[in-house]
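Chemist: Take a look at the following structure, please.
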Amino acid sequence: MVRGEFLTMLGPSGSGKTTCLMMLAGFEAATHGEILLNGRPINNVPPHKRGIGMVFQNYALFPHMTVAENLAFPLQVRRMGRAEAEEKVKRALSMVRLDSFGNRRPAQLSGGQQQRVAVARSLVFEPDLVLMDEPLGALDKNLREEMQFEIKHIHESLGVSVVYVTHDQSEALTMSNRIAVFDDGIIQQLASPPTLYERPENAFVAAFIGENNKLTGRITHVNGQSCTVDLDSGGTVQALAVNIGGIGERTTLSLRPERVLINPPADKYPNAFEAKVEELIYLGDHIRTRINFAGNDQFVVKVPNAQGHVVINEGGAVRVGWAMEDCRALDA
Amino acid sequence: MRAADGTPLKVSIARAMRRNRLLALGLIAPLFFFILFSFIVPIVDMSLRSIDNSVVPGVLPNTTAALRDWDGEGLPPEATFAALAADINAGRESREIGKVATRLNYEVSGMRGTIMGTARKIARIEEGPYKEALIEANKDWGETETWLLLKRLSDPYTFGYYLNAVDMRFDSVGNVVAQPEFRQIYVNLFIRTLWMSLLITGLTILLGYPIAHLMATLPLRYSNLLMILVLLPFWTSLLVRTTAWIVMLQSEGVINSLMVWIGLIANDARPQLVHNKIGTIIAMTHILLPFMVLPLYSVMKTIPPSYMRAARSLGANQLTAFVRVYMPQTMAGVGAGCILVFILAIGYYITPELVGGTSGTLISNLIAYHMQQSLNWSLAAALGVILLGTVAALYFIYNRIVGIDNMKLG
């Protein structure tokens with residue numbers, strides 16, 4: 001991890017991301033392997049000497065202290081002088097725009113304000129690294145989005161490194177420099193958000209990040225970058241060979257709904273099929289279209305609600321097509 | 001606005017609400033009457049007994065009426081003697097005279113003999129002059145002090161019992177004076193009750209806090225086992241537990257024998273551990289321990305481990321995190337446990353009675369003595385009211401300092 005980076009650990013619950021965070025913080029012992037901070041192994045350093053800030057899922061603000069006392073706590077245990085500590089507390093409060101709330105108790109604050117205090121408290125002693133364990137999980141949607149930007153801005157202005165845990169992929173995509181996708185205790189892919197979305201390396205990542213059309217089949221032919229796949233439901237598809245075995249092996253094809261075109265220009269794409277429209281869902285900016293092609297009726301296409309977009313009717317027949325590069329052949 | 005049947009909505013809602021209210025009242029009525037007749041009425045009745053002084057004016061009505069005009073100098077006039085003779089005679093026939101004898105004996109030892117002796121001889125005194133005849137029957141009637149005592153007790157209410165309860169009394173002319181030294185027992189007993197209750201409360205905190213903390217933090221399997229161990233004494237009879245402590249602590253008992261066996265003490269120097277203060281403190285601490293552990297546990301259970309983790313991640317070591325973050329949050333439980341244990345301890349009766357000997361008994365044992373042995377219910381009531389008042393005052397102070405709303409019982 002690079003200094004100043006915002007790294008997110010993303011994964012379904014039970015995938016080991018919180019355990020991993022607790023190992024970084026020192027609350028769980030790593031069974032093997034080494035944890036390095038600034039090149040120094042910290043496996044045997046107790047949590048209070050690691051100098052890592054942490055924001056907890058339920059904020060863990062001390063209820064018997066005021067906001068200012070909460071912020072002053074890490075400074076007091078470091079035996080910082082009173083005047084200096086007060087100055088830092090004031091600065092931290094103004095950073096999260098809660099200047100006048102110093103004398104309130106945590107219970108007198110709203111969820112978002114408590115969240116900001118928790119962030120301020122984890123940063124007030126100027127750690128190199130801050131860990132955040134699903135800090136926005138308890139907030140409603142609007143507040144969560146607002147706080148995402150706020151945390152991102154604080155991160156950018158302070159240049160502190162952040163390890164962030166969430167199960168919300170849009171949150172991960174919004175905030176991170178890099179995302180580590182966890183499943184079953186293993187990092188499936190560690191990459192920047194665009195790479196993760198556009199070039200997933202295995203079927204789990206493709207399915208977990210964003211919406212995805214999943215087609216299964218068997219490889220019949222490999223030609224350098226591209227391969228030919230016979231679908232289980234019938235039909236043959238040209239796909240980009242990313243993570244496949246040899247000829248005759250099974251593979252999962254991943255295709256983003258927005259990369260599928262309705263009525264594409266003839267002969268432009270190697271993949272073109274006749275399909276039947278099963279269902280239309282109007283979503284404002286786009287129309288979610290569920291179509292049935294070659295016996296696969298869960299195939300979704302996003303038709304942007306742009307000027308002059310194709311008019312389709314439920315039950316009608318359409319042609320769909322997509323580029324070879326947009327259809328990634330991954331592990332089975 | 002109108003409801004569906006045409007009545008105004010307000011009326012219709014009020015009617016529906018009234019039915020619910022009546023139903024609610026009906027449901028709590030059995031408990032209310034039970035509490036009223038088994039708790040409130042007896043307490044009020046006993047409290048009134050502590051100032052009740054109706055025996056003398058009730059049984060000797062003519063005498064008290066006659067004494068009202070007496071100036072207290074010398075002996076009262078012949079008419080008063082005649083009234084007394086008539087009252088004693090009537091009291092003897094109605095068998096009420098014994099009450100007066102007992103009542104006067106509380107004030108001056110020996111008055112029982114005076115009254116009962118006079119009552120035995122009263123039948124022979126058929127006509128006046130009564131003055132000489134009564135003095136002949138018992139020479140106390142020739143003393144001014146006897147008559148002053150009767151005059152003082154002719155008021156239907158008195159604070160004399162409260163004075164007795166704080167080791168004071170009225171002297172013969174009605175001044176408040178301290179009891180003679182050898183009769184001063186109650187104030188010392190109140191003080192002993194208070195400090196022993198405080199000590200027991202402190203001991204239960206010291207012993208209970210770590211147990212409660214363990215129960216709240218251990219995995220469920222072990223904490224359940226601990227919980228059973230804590231609750232086990234609860235399921236055993238109080239008497240069994242107390243007598244078990246006698247077996248443990250007596251001079252030939254388990255603990256002494258064990259200490260002799262491992263050579264800690266000499267066989268002929270076994271310390272006295274029971275039938276004194278030590279016995280009361282040990283047994284009561286054990287018996288009241290669950291009342292401290294349970295509120296502590298219920299509060300500690302609600303403190304998520306993330307607080308301690310947060311404190312540690314912010315740079316506090318284990319001890320600092322515990323003292324500055326964990327302990328303040330358990331204060332609600334400590335307060336609840338303290339007030340429970342202290343109030344229970346201050347009125348504890350059975351255990352000090354059995355293991356307390358003479359030096360380890362509490363005020364409640366003396367109240368019971370006056371209820372059951374000396375039958376001086378009014379003094380018992382006065383002691384009880386003072387005890388109740390002390391608890392109420394301490395509760396008030398506690399509420400002022402800690403705030404009863406901060407208390408959590410579970």
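Naming works like this for the structure tokens: A, B, ... for the chains as they're shown, residue 1 at the start of each chain, ligands 1 onward in shown order.
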Show me, as an mmCIF file with all heavy atoms, in the first residue's frame, every residue of chain B with an atom at most 8 Å from chain A, counting only C-alpha atoms.
Modeler:
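Printed below is result_25.cif as written:
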```cif
data_model
loop_
_atom_site.group_PDB
_atom_site.id
_atom_site.type_symbol
_atom_site.label_atom_id
_atom_site.label_comp_id
_atom_site.auth_asym_id
_atom_site.auth_seq_id
_atom_site.Cartn_x
_atom_site.Cartn_y
_atom_site.Cartn_z
ATOM 1 N N SER B 306 -16.356 -2.744 21.508
ATOM 2 C CA SER B 306 -15.706 -1.779 20.612
ATOM 3 C C SER B 306 -15.227 -0.537 21.359
ATOM 4 O O SER B 306 -14.298 0.123 20.918
ATOM 5 C CB SER B 306 -16.654 -1.391 19.487
ATOM 6 O OG SER B 306 -17.807 -0.799 20.001
ATOM 7 N N TYR B 307 -15.840 -0.220 22.528
ATOM 8 C CA TYR B 307 -15.366 0.947 23.287
ATOM 9 C C TYR B 307 -13.942 0.745 23.763
ATOM 10 O O TYR B 307 -13.100 1.632 23.651
ATOM 11 C CB TYR B 307 -16.269 1.213 24.494
ATOM 12 C CG TYR B 307 -17.595 1.804 24.126
ATOM 13 C CD1 TYR B 307 -18.775 1.183 24.495
ATOM 14 C CD2 TYR B 307 -17.674 2.994 23.419
ATOM 15 C CE1 TYR B 307 -19.998 1.711 24.158
ATOM 16 C CE2 TYR B 307 -18.889 3.532 23.079
ATOM 17 C CZ TYR B 307 -20.049 2.886 23.447
ATOM 18 O OH TYR B 307 -21.257 3.414 23.104
ATOM 19 N N ARG B 309 -11.840 -1.344 22.476
ATOM 20 C CA ARG B 309 -10.988 -1.401 21.301
ATOM 21 C C ARG B 309 -10.685 0.005 20.804
ATOM 22 O O ARG B 309 -9.550 0.306 20.424
ATOM 23 C CB ARG B 309 -11.672 -2.200 20.197
ATOM 24 C CG ARG B 309 -11.700 -3.663 20.516
ATOM 25 C CD ARG B 309 -12.279 -4.454 19.384
ATOM 26 N NE ARG B 309 -11.888 -5.845 19.511
ATOM 27 C CZ ARG B 309 -12.225 -6.779 18.655
ATOM 28 N NH1 ARG B 309 -12.942 -6.475 17.603
ATOM 29 N NH2 ARG B 309 -11.827 -8.018 18.827
ATOM 30 N N ALA B 310 -11.727 0.843 20.802
ATOM 31 C CA ALA B 310 -11.526 2.217 20.356
ATOM 32 C C ALA B 310 -10.494 2.897 21.237
ATOM 33 O O ALA B 310 -9.567 3.547 20.745
ATOM 34 C CB ALA B 310 -12.856 2.975 20.393
ATOM 35 N N ALA B 311 -10.627 2.722 22.556
ATOM 36 C CA ALA B 311 -9.689 3.361 23.467
ATOM 37 C C ALA B 311 -8.274 2.857 23.216
ATOM 38 O O ALA B 311 -7.316 3.628 23.196
ATOM 39 C CB ALA B 311 -10.100 3.081 24.911
ATOM 40 N N ARG B 312 -8.150 1.544 22.955
ATOM 41 C CA ARG B 312 -6.824 0.983 22.710
ATOM 42 C C ARG B 312 -6.260 1.513 21.393
ATOM 43 O O ARG B 312 -5.095 1.866 21.316
ATOM 44 C CB ARG B 312 -6.921 -0.545 22.645
ATOM 45 C CG ARG B 312 -7.504 -1.165 23.886
ATOM 46 C CD ARG B 312 -6.465 -1.665 24.839
ATOM 47 N NE ARG B 312 -5.852 -2.891 24.386
ATOM 48 C CZ ARG B 312 -4.553 -3.148 24.502
ATOM 49 N NH1 ARG B 312 -3.765 -2.252 24.994
ATOM 50 N NH2 ARG B 312 -4.064 -4.296 24.099
ATOM 51 N N SER B 313 -7.115 1.587 20.376
ATOM 52 C CA SER B 313 -6.613 2.062 19.088
ATOM 53 C C SER B 313 -6.230 3.531 19.167
ATOM 54 O O SER B 313 -5.418 4.016 18.394
ATOM 55 C CB SER B 313 -7.660 1.856 17.996
ATOM 56 O OG SER B 313 -8.625 2.881 18.042
ATOM 57 N N LEU B 314 -6.821 4.264 20.124
ATOM 58 C CA LEU B 314 -6.480 5.687 20.276
ATOM 59 C C LEU B 314 -5.224 5.865 21.118
ATOM 60 O O LEU B 314 -4.826 6.991 21.378
ATOM 61 C CB LEU B 314 -7.650 6.439 20.913
ATOM 62 C CG LEU B 314 -8.894 6.524 20.036
ATOM 63 C CD1 LEU B 314 -10.062 7.074 20.804
ATOM 64 C CD2 LEU B 314 -8.628 7.366 18.805
ATOM 65 N N GLY B 315 -4.650 4.761 21.585
ATOM 66 C CA GLY B 315 -3.357 4.875 22.245
ATOM 67 C C GLY B 315 -3.370 4.634 23.735
ATOM 68 O O GLY B 315 -2.355 4.834 24.390
ATOM 69 N N ALA B 316 -4.508 4.205 24.290
ATOM 70 C CA ALA B 316 -4.548 3.960 25.727
ATOM 71 C C ALA B 316 -4.136 2.521 25.998
ATOM 72 O O ALA B 316 -4.547 1.620 25.264
ATOM 73 C CB ALA B 316 -5.952 4.206 26.257
ATOM 74 N N ASN B 317 -3.324 2.305 27.038
ATOM 75 C CA ASN B 317 -3.011 0.919 27.363
ATOM 76 C C ASN B 317 -4.203 0.290 28.073
ATOM 77 O O ASN B 317 -5.183 0.963 28.393
ATOM 78 C CB ASN B 317 -1.725 0.811 28.188
ATOM 79 C CG ASN B 317 -1.817 1.539 29.505
ATOM 80 O OD1 ASN B 317 -2.899 1.632 30.083
ATOM 81 N ND2 ASN B 317 -0.712 2.061 29.987
ATOM 82 N N THR B 320 -5.430 2.066 31.374
ATOM 83 C CA THR B 320 -6.031 3.381 31.140
ATOM 84 C C THR B 320 -7.388 3.236 30.467
ATOM 85 O O THR B 320 -8.359 3.895 30.845
ATOM 86 C CB THR B 320 -5.119 4.232 30.248
ATOM 87 O OG1 THR B 320 -3.793 4.113 30.726
ATOM 88 C CG2 THR B 320 -5.544 5.674 30.260
ATOM 89 N N VAL B 325 -12.434 4.531 30.292
ATOM 90 C CA VAL B 325 -13.531 4.316 29.345
ATOM 91 C C VAL B 325 -14.542 3.301 29.874
ATOM 92 O O VAL B 325 -15.739 3.520 29.813
ATOM 93 C CB VAL B 325 -12.979 3.869 27.978
ATOM 94 C CG1 VAL B 325 -14.113 3.489 27.050
ATOM 95 C CG2 VAL B 325 -12.153 4.984 27.385
ATOM 96 N N PRO B 328 -16.245 4.242 33.963
ATOM 97 C CA PRO B 328 -17.298 5.264 34.056
ATOM 98 C C PRO B 328 -18.635 4.785 33.501
ATOM 99 O O PRO B 328 -19.686 5.183 33.976
ATOM 100 C CB PRO B 328 -16.741 6.418 33.220
ATOM 101 C CG PRO B 328 -15.279 6.223 33.223
ATOM 102 C CD PRO B 328 -15.055 4.745 33.265
ATOM 103 N N GLN B 329 -18.568 3.885 32.505
ATOM 104 C CA GLN B 329 -19.821 3.423 31.926
ATOM 105 C C GLN B 329 -20.525 2.396 32.792
ATOM 106 O O GLN B 329 -21.702 2.105 32.578
ATOM 107 C CB GLN B 329 -19.551 2.827 30.543
ATOM 108 C CG GLN B 329 -19.080 3.863 29.564
ATOM 109 C CD GLN B 329 -18.957 3.295 28.185
ATOM 110 O OE1 GLN B 329 -19.932 2.885 27.578
ATOM 111 N NE2 GLN B 329 -17.748 3.245 27.665
#
```
Chemist: Which residues, written as a list in words, have at least one atom at most 8 Å from region 110-117 of chain A, with only C-alpha atoms counted and residues fewer than 3 positions away on the same chain left out?
Modeler: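 Skipping anything fewer than 3 positions along the chain leaves Tyr59, Leu61, Val67, Leu71, Leu93, Val96, Leu98, Pro106, Ala107, Ala120, Arg121, Pro135, Leu136, Ala138, Leu139, Leu143 and Met147 of chain A.
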Chemist: Among region 133-312 of chain A, which residues carry a DSSP assignment of alpha helix (DSSP H), reported as number ranges by chain?
Modeler: A: 141-158, 169-175, 193-198, 203-208
Chemist: Find the residues near region 240-248 of chain A: any atom within 9 Å, counting only C-alpha atoms, skip ones fewer than 6 places away on the same chain, and give them as an MDAnalysis selection string.
Modeler: chainID A and resid 199:202 218:228 324:332
Chemist: Please, what distance in Å, to one decimal, runs between CA of Gly142 (chain B) and CA of Tyr157 (chain B)?
Modeler: 26.7 Å
Chemist: Give the strand (DSSP E) residues of region 17-218 of chain B, as assigned by DSSP on the backbone, as a list in words.
Modeler: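 DSSP on the backbone gives strand (DSSP E) at Met168, Arg169, Phe170, Val176, Val177 and Ala178 of chain B.
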Chemist: Please identify all polymer residues within 10 Å of Leu379 (chain B), counting only C-alpha atoms, omitting same-chain residues fewer than 2 positions from it, and present them as a PyMOL selection string.
Modeler: chain B and resi 49-51+106+160-165+367+370-371+374-377+381-385
Chemist: What would the file look like if the residues just selected were written as a compact mmCIF listing (two decimals), in the first residue's frame with C-alpha atoms?
Modeler:
```txt
# COMPACT_ATOMS: atom_id res chain seq x y z
CA ARG B 49 -47.95 3.55 67.14
CA SER B 50 -44.61 5.26 67.71
CA ILE B 51 -46.34 8.43 68.89
CA TYR B 106 -41.47 1.72 80.41
CA GLY B 160 -41.11 9.89 74.35
CA TYR B 161 -40.49 6.76 72.28
CA TYR B 162 -38.42 8.71 69.78
CA LEU B 163 -36.40 10.12 72.65
CA ASN B 164 -35.91 6.59 73.97
CA ALA B 165 -34.86 5.44 70.52
CA ILE B 367 -36.59 -3.88 66.75
CA HIS B 370 -39.06 -5.11 71.17
CA MET B 371 -41.75 -6.58 68.93
CA SER B 374 -40.41 -6.86 75.50
CA LEU B 375 -43.65 -6.18 73.59
CA ASN B 376 -42.84 -2.47 73.55
CA TRP B 377 -44.29 -2.02 70.07
CA ALA B 381 -42.15 1.48 65.81
CA ALA B 382 -40.09 4.55 66.74
CA LEU B 383 -36.85 2.68 65.95
CA GLY B 384 -38.37 1.46 62.69
CA VAL B 385 -39.48 4.94 61.65
```
Chemist: Find the residues near Tyr186 (chain B): any atom within 8 Å, counting only C-alpha atoms, skip ones fewer than 2 places away on the same chain, and give them as number ranges by chain.
Modeler: B: 165-167, 184, 188-190, 363
Chemist: Please indicate the distance in Å from CA of Ala317 (chain A) to CA of Glu279 (chain A), rounded to one decimal place.
Modeler: 11.9 Å
Chemist: List the neighbours of region 192-204 of chain B out to 8 Å using only C-alpha atoms; skip same-chain residues closer than 2 positions along the sequence, and give me the result as a list in words.
Modeler: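 The residues that qualify are Asn188, Leu189, Phe190, Leu206, Leu207, Gly208, Tyr209, Ile281, Met284, Thr285, His286, Leu288, Leu289, Met292, Cys338, Val341, Phe342, Ala345, Ile346, Leu362 and Ile363 of chain B.
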Chemist: Please report the interatomic distance between CA of Arg319 (chain A) and CA of Phe204 (chain A) in Å with one decimal.
Modeler: 28.8 Å
Chemist: Residues near Gln148 (chain A), anyone? I mean within 9 Å using only C-alpha atoms, not counting same-chain ones fewer than 3 positions away, as a PyMOL selection string.
Modeler: chain A and resi 136+143-145+151-153+171+174-175
Chemist: Would you save the residues from that selection as a short mmCIF file (atom, residue, chain, number, x, y, z; two decimals), in the first residue's frame, using N, CA and C atoms?
Modeler:
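To be explicit, this is the file written out as out_32.cif:
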```
data_model
loop_
_atom_site.label_atom_id
_atom_site.label_comp_id
_atom_site.auth_asym_id
_atom_site.auth_seq_id
_atom_site.Cartn_x
_atom_site.Cartn_y
_atom_site.Cartn_z
N LEU A 136 -20.08 3.97 7.47
CA LEU A 136 -21.31 4.62 7.03
C LEU A 136 -22.49 3.67 7.03
N LEU A 143 -27.40 10.77 3.53
CA LEU A 143 -26.34 11.14 4.44
C LEU A 143 -25.08 10.35 4.11
N ARG A 144 -25.29 9.10 3.72
CA ARG A 144 -24.15 8.25 3.40
C ARG A 144 -23.38 8.83 2.23
N GLU A 145 -24.12 9.27 1.21
CA GLU A 145 -23.45 9.82 0.04
C GLU A 145 -22.70 11.10 0.39
N ILE A 151 -15.53 12.30 3.69
CA ILE A 151 -14.36 11.49 4.08
C ILE A 151 -13.30 11.55 2.99
N LYS A 152 -13.76 11.51 1.74
CA LYS A 152 -12.82 11.56 0.62
C LYS A 152 -12.05 12.88 0.63
N HIS A 153 -12.76 13.97 0.90
CA HIS A 153 -12.09 15.28 0.91
C HIS A 153 -11.10 15.38 2.07
N GLU A 171 -20.08 2.60 -2.79
CA GLU A 171 -19.26 3.35 -1.85
C GLU A 171 -17.78 3.12 -2.16
N THR A 174 -16.80 4.94 -5.34
CA THR A 174 -16.76 6.39 -5.19
C THR A 174 -15.46 6.85 -4.55
N MET A 175 -15.02 6.13 -3.51
CA MET A 175 -14.03 6.70 -2.62
C MET A 175 -12.60 6.26 -2.89
#
```
